[in-house]
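In what follows, a single structure is set out as structure tokens and then discussed.
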Amino acid sequence: MGNFAYLLADLVMGVSSLISTLLFVYIIISILMSFNVINAYNKFVSIVYGALHKLFEPILGPIRNVLPDLGGMDFSPIILFLILRYGTPFIAEALIRLA
């Protein structure tokens with residue numbers, strides 16, 4: 001059972017790393033689109049941004065509701081990134097200790 005817990009903890013860490021990478025790509029694309037560096041009407045950019053928007057918006061929406069209004073600055077992706085970066089090791093450690 002202990003070996004399964006280590007595998008499950010590695011899976012949780014791997015999925016968290018993948019989500020963090022996709023969140024980073026989402027942040028970069030949205031910044032580049034807002035400053036008109038990349039064309040939002042490009043088909044590839046539109047598909048990638050649309051998929052990432054559909055993936056992260058249900059997660060970022062509740063975080064935006066909790067944060068105070070900061071005058072147009074959106075810190076919800078940064079908060080989610082920090083939660084993924086520093087919260088996931090606690091979950092993985094809890095999985096290992098349960099075994």
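Lettering and numbering for the structure tokens are positional, with chains as A, B, ... in the shown order, residues counted from 1 in each chain, and ligands counted from 1 in the shown order.
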- Task: Find the residues near stretch 47-62 of chain A: any atom within 12 Å, counting only C-alpha atoms, skip ones fewer than 2 places away on the same chain, and give them as a ChimeraX atom specification.
- Result: /A:19-33,38-45,64-68,74-81,83-84
- Message: Env of stretch 5-12 of chain A: 12 Å cut, atoms = only C-alpha atoms, seq-sep filter 6 positions within chain, self excluded. Answer as an MDAnalysis selection string.
- Response: chainID A and resid 18:19 84:85 87:99
- Using DSSP on the backbone coordinates, identify all residues within stretch 1-96 of chain A classified as alpha helix (DSSP H); present the result as a ChimeraX atom specification. /A:2-34,43-66,76-96
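What separates atom CA of A:Gly72 from atom CA of A:Ser34 is a distance of 12.5 Å.
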